[in-house]
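J.: The structure is given below, and queries will be raised subsequently.
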Amino acid sequence: MTMPHVERVPLSVTVNGKPYDLEIEPRLLLVDLLRDELHLTGTHVGCDSSYCGACTVLLDGRSVKSCTVLAVQAHGGELTTVEGLATNDELHPVQKAFAENHGLQCGYCTPGLLLSTIDLLSRHPHPSDAQIRKAIAGNTCRCTGYQNILKAIRAAAQAHGPR
Amino acid sequence: MYPHPFRYFRAGSISEALSLLGELGEDARFIAGGQSLIPLMKLRLARPEALVDLNFIPGLSRIEMNDGGAWFGAMARHADIAGSRPAARIPILHDCAGGIADVQVRNRGTIGGSVAEADPSSDWIAVLLALGADVRTVGLSGERVIPIEQFVVDAFTSDLGPGEMVREISVKMPPKKSGGAFLAVKRSAPVYATAGVAVQLSLAERDMCGEARIVASSVGLTAVRLAEAEKALRGRRIDDRAVDAAAEAAIAGVDPPSDLRGSAEYKRTLVGALVRRAIAAALARARGETVEVTHDYAAR
């Protein structure tokens, strides 16, 4: 079967502070732009059906499931992936909190959970437990049973300091 | 999973979007937040030859309010509506916008897309039916204002004509001493509800129920207004007897299919329970109390 010829579309996007000007096929998914074109493989593909949240990244500061966004739709936007969190070998406070509170085991869901946590803390610097549970309801973890993730997010909020 | 190849156009204005779709013909589609359309395309249940993207049209996500009502641009995202002034003033809007799917989907999905898709499980359609909302559409031949009851024709079928798009959703400001609530039960955050119920009621003299609207979603081909359940409240004092009668009428008024979300019997029972809880929350709000309700699932 031959694929119909489809024109590539220009895409300008900033990923973890670095600007890119690309030409891509319209059906390229955002997660595959990150993984296959930009080789940022920290963003994981779990269910590939908008359920599990492993592919969560920030688009203009808000969490999205990158398996359910077309890369062309990120045009003009700023993306943050897990690779953009640490600075100069210094872990991001949310990463540190997850590490110190055993908020991960196999680590597959962790990049998505870190970015969901950052979205949460940007809106609610001191979330209640109910707000934390609701904020990560779109992220599936099959190892931890979530209790240590809750602990990690509480700790991350404390590290945020009073506002 | 990859969609069938398609051509892609970023519209910069409504008129550009309309003329693009007009030129591209019936195998082209508008894309809004994409939270339903992209999964459908990945499964190849939808195979548009071209997409016209509405995400880059300035002003199409505007949210406005005055004492007369509230207006939501088609591209207003669920998360933005949840945090908006209209949602603070009309709590049923918050119940819905703040509980659809999960944070990531709410950050992306739009009210206009949800209404245009006319999914039987749309939470918005139930709430907009309870509020008596209007849908403003625009096409090459002009604008139309369509009451939501007429806009939704059947499952996945709206009154939108070829090349026509949703421009705005408007709701009238509910009168004083009125309240509403939307509740849904789902198996987990990202999935559609097993059943949902929206109630909007007003109180007349001596605490009697004035107007009442009761709508069930996810339990049929479209969201349904439950006329008999409404009648059980209208003009009466909302006491245990009236609530029992409304819940029983609601159970009799729905005909849900048995599927992976639950058996028909389970869903009917759920509708009865949700009607009771939604009436209680709506009544408390009509009396000026603050009550928090939203979608319910195991993780909450």
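Residue numbering restarts at 1 for every chain of the structure tokens, chains are lettered A, B, ... in their displayed order, and ligands are numbered from 1 as they appear.
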Kindly assemble as a tab-separated table a list of the chain B residues that lie within 9 Å of chain A, each paired with its nearest atom pair and their distance in Å to one decimal, using only C-alpha atoms, sorted first by chain and then by ascending residue number.
T.:
residue	atom	partner	partner_atom	distance
B:Met1	CA	A:Asp48	CA	7.3
B:Tyr2	CA	A:Arg27	CA	7.1
B:Pro3	CA	A:Arg27	CA	6.2
B:His4	CA	A:Arg27	CA	7.6
B:Pro5	CA	A:Arg27	CA	6.2
B:Phe6	CA	A:Val6	CA	6.6
B:Arg7	CA	A:Val6	CA	6.1
B:Tyr8	CA	A:Pro26	CA	5.9
B:Phe9	CA	A:Val9	CA	8.6
B:Arg10	CA	A:Gln73	CA	8.6
B:Gly33	CA	A:Val69	CA	8.4
B:Gly34	CA	A:Val69	CA	7.0
B:Gln35	CA	A:Thr68	CA	6.4
B:Ser36	CA	A:Thr68	CA	8.7
B:Ile38	CA	A:Thr68	CA	6.0
B:Pro39	CA	A:Ser49	CA	6.4
B:Lys42	CA	A:Ser49	CA	8.5
B:Asp53	CA	A:Gln73	CA	8.0
B:Asn55	CA	A:Gln73	CA	7.5
B:Phe56	CA	A:Gln73	CA	8.6
B:Gly99	CA	A:Lys134	CA	8.9
B:Ala101	CA	A:Gly138	CA	7.7
B:Asp102	CA	A:Gly138	CA	5.0
B:Val103	CA	A:Ala135	CA	6.2
B:Gln104	CA	A:Val64	CA	4.4
B:Val105	CA	A:Val64	CA	6.7
B:Arg106	CA	A:Val64	CA	8.7
B:Asn107	CA	A:Arg62	CA	6.6
B:Arg108	CA	A:Val64	CA	6.9
B:Ser188	CA	A:Ala137	CA	7.8
B:Ala189	CA	A:Ala137	CA	5.7
B:Pro190	CA	A:Tyr51	CA	5.8
B:Val191	CA	A:Tyr51	CA	7.7
B:Ala299	CA	A:Arg133	CA	6.6
B:Arg300	CA	A:Arg133	CA	6.3
J.: Sorted by chain and rising residue number, which residues of region 67-142 of chain A lie within 6 Å of region 12-20 of chain A, and what are their closest atom pairs and distances in Å to one decimal, counting only C-alpha atoms, as CSV?
T.:
residue,atom,partner,partner_atom,distance
A:His75,CA,A:Ser12,CA,5.4
A:Gly76,CA,A:Val13,CA,5.3
A:Gly77,CA,A:Val13,CA,5.5
A:Glu78,CA,A:Thr14,CA,4.8
A:Leu79,CA,A:Val15,CA,4.7
A:Thr80,CA,A:Asn16,CA,5.0
A:Gly84,CA,A:Asn16,CA,4.8
J.: Take the residues that were just selected and, keeping N, CA and C atoms, output them as a PDB file, in the first residue's frame.
T.:
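part16.pdb was written with the following content:
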ATOM      1  N   HIS A  75       2.591  24.390  18.043  1.00  0.00           N
ATOM      2  CA  HIS A  75       3.234  25.494  17.333  1.00  0.00           C
ATOM      3  C   HIS A  75       3.231  26.772  18.166  1.00  0.00           C
ATOM      4  N   GLY A  76       4.405  27.390  18.285  1.00  0.00           N
ATOM      5  CA  GLY A  76       4.515  28.636  19.039  1.00  0.00           C
ATOM      6  C   GLY A  76       4.542  28.426  20.541  1.00  0.00           C
ATOM      7  N   GLY A  77       4.480  27.170  20.984  1.00  0.00           N
ATOM      8  CA  GLY A  77       4.364  26.889  22.411  1.00  0.00           C
ATOM      9  C   GLY A  77       5.688  26.549  23.069  1.00  0.00           C
ATOM     10  N   GLU A  78       5.622  26.492  24.387  1.00  0.00           N
ATOM     11  CA  GLU A  78       6.790  26.096  25.183  1.00  0.00           C
ATOM     12  C   GLU A  78       6.494  24.769  25.849  1.00  0.00           C
ATOM     13  N   LEU A  79       7.360  23.792  25.585  1.00  0.00           N
ATOM     14  CA  LEU A  79       7.183  22.469  26.164  1.00  0.00           C
ATOM     15  C   LEU A  79       8.199  22.239  27.264  1.00  0.00           C
ATOM     16  N   THR A  80       7.758  21.569  28.314  1.00  0.00           N
ATOM     17  CA  THR A  80       8.689  21.124  29.351  1.00  0.00           C
ATOM     18  C   THR A  80       8.542  19.619  29.494  1.00  0.00           C
ATOM     19  N   GLY A  84      13.878  18.635  31.243  1.00  0.00           N
ATOM     20  CA  GLY A  84      14.034  20.061  31.496  1.00  0.00           C
ATOM     21  C   GLY A  84      13.930  20.439  32.961  1.00  0.00           C
TER      22      GLY A  84
END
J.: Skipping near chain neighbours, those fewer than 3 positions away, what residues fall within 9 Å of Ala152 (chain A) using only C-alpha atoms, listed as a PyMOL selection string?
T.: chain A and resi 94-103+147-149+155-157
J.: Run DSSP on the backbone and tell me which residues of chain A come out as strand (DSSP E); list them as number ranges by chain.
T.: A: 9-15, 18-24, 56-59, 62-65, 78-80
J.: List the spatial neighbours of Glu83 (chain A) as a list in words - criterion: any atom at most 10 Å away, only C-alpha atoms, same-chain residues fewer than 2 positions off excluded.
T.: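 In the requested format, the answer is Val15, Asn16, Leu40, Thr41, Gly42, Thr43, Thr80, Thr81, Leu85, Ala86, Thr87 and Pro111 of chain A.
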J.: Save out the residues we just selected, N, CA and C atoms, as an mmCIF file, in the first residue's frame.
T.:
data_model
loop_
_atom_site.group_PDB
_atom_site.id
_atom_site.type_symbol
_atom_site.label_atom_id
_atom_site.label_comp_id
_atom_site.auth_asym_id
_atom_site.auth_seq_id
_atom_site.Cartn_x
_atom_site.Cartn_y
_atom_site.Cartn_z
ATOM 1 N N VAL A 15 11.520 23.661 23.406
ATOM 2 C CA VAL A 15 11.479 22.493 24.287
ATOM 3 C C VAL A 15 12.573 22.647 25.334
ATOM 4 N N ASN A 16 12.157 22.679 26.579
ATOM 5 C CA ASN A 16 13.085 22.865 27.706
ATOM 6 C C ASN A 16 14.012 24.056 27.464
ATOM 7 N N LEU A 40 14.250 12.911 23.014
ATOM 8 C CA LEU A 40 14.005 13.123 24.446
ATOM 9 C C LEU A 40 13.136 11.958 24.924
ATOM 10 N N THR A 41 13.793 10.856 25.288
ATOM 11 C CA THR A 41 13.056 9.618 25.557
ATOM 12 C C THR A 41 12.623 9.495 27.017
ATOM 13 N N GLY A 42 12.784 10.568 27.790
ATOM 14 C CA GLY A 42 12.288 10.551 29.170
ATOM 15 C C GLY A 42 10.768 10.561 29.235
ATOM 16 N N THR A 43 10.120 11.081 28.211
ATOM 17 C CA THR A 43 8.660 11.045 28.131
ATOM 18 C C THR A 43 8.259 9.669 27.626
ATOM 19 N N THR A 80 7.758 21.569 28.314
ATOM 20 C CA THR A 80 8.689 21.124 29.351
ATOM 21 C C THR A 80 8.542 19.619 29.494
ATOM 22 N N THR A 81 9.651 18.919 29.378
ATOM 23 C CA THR A 81 9.658 17.475 29.603
ATOM 24 C C THR A 81 10.513 17.201 30.837
ATOM 25 N N LEU A 85 13.810 19.445 33.845
ATOM 26 C CA LEU A 85 13.558 19.783 35.254
ATOM 27 C C LEU A 85 14.832 20.054 36.050
ATOM 28 N N ALA A 86 15.802 19.159 35.962
ATOM 29 C CA ALA A 86 17.026 19.343 36.744
ATOM 30 C C ALA A 86 17.865 20.461 36.125
ATOM 31 N N THR A 87 18.599 21.203 36.975
ATOM 32 C CA THR A 87 19.511 22.238 36.460
ATOM 33 C C THR A 87 20.912 21.956 37.000
ATOM 34 N N PRO A 111 8.082 10.310 35.150
ATOM 35 C CA PRO A 111 8.149 11.602 34.444
ATOM 36 C C PRO A 111 6.781 12.276 34.351
#
J.: Go through B:Arg89, B:Arg276, B:Arg261, B:Arg77 and flag the residue nearest Asp239 (chain B), using only C-alpha atoms for the distances.
T.: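 Closest residue, counting only C-alpha atoms: B:Arg276.
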J.: Rounded to one decimal, what separation in Å do you get between CA of Asp89 (chain A) and CA of Leu115 (chain A)?
T.: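 Those two atoms sit 18.3 Å apart.
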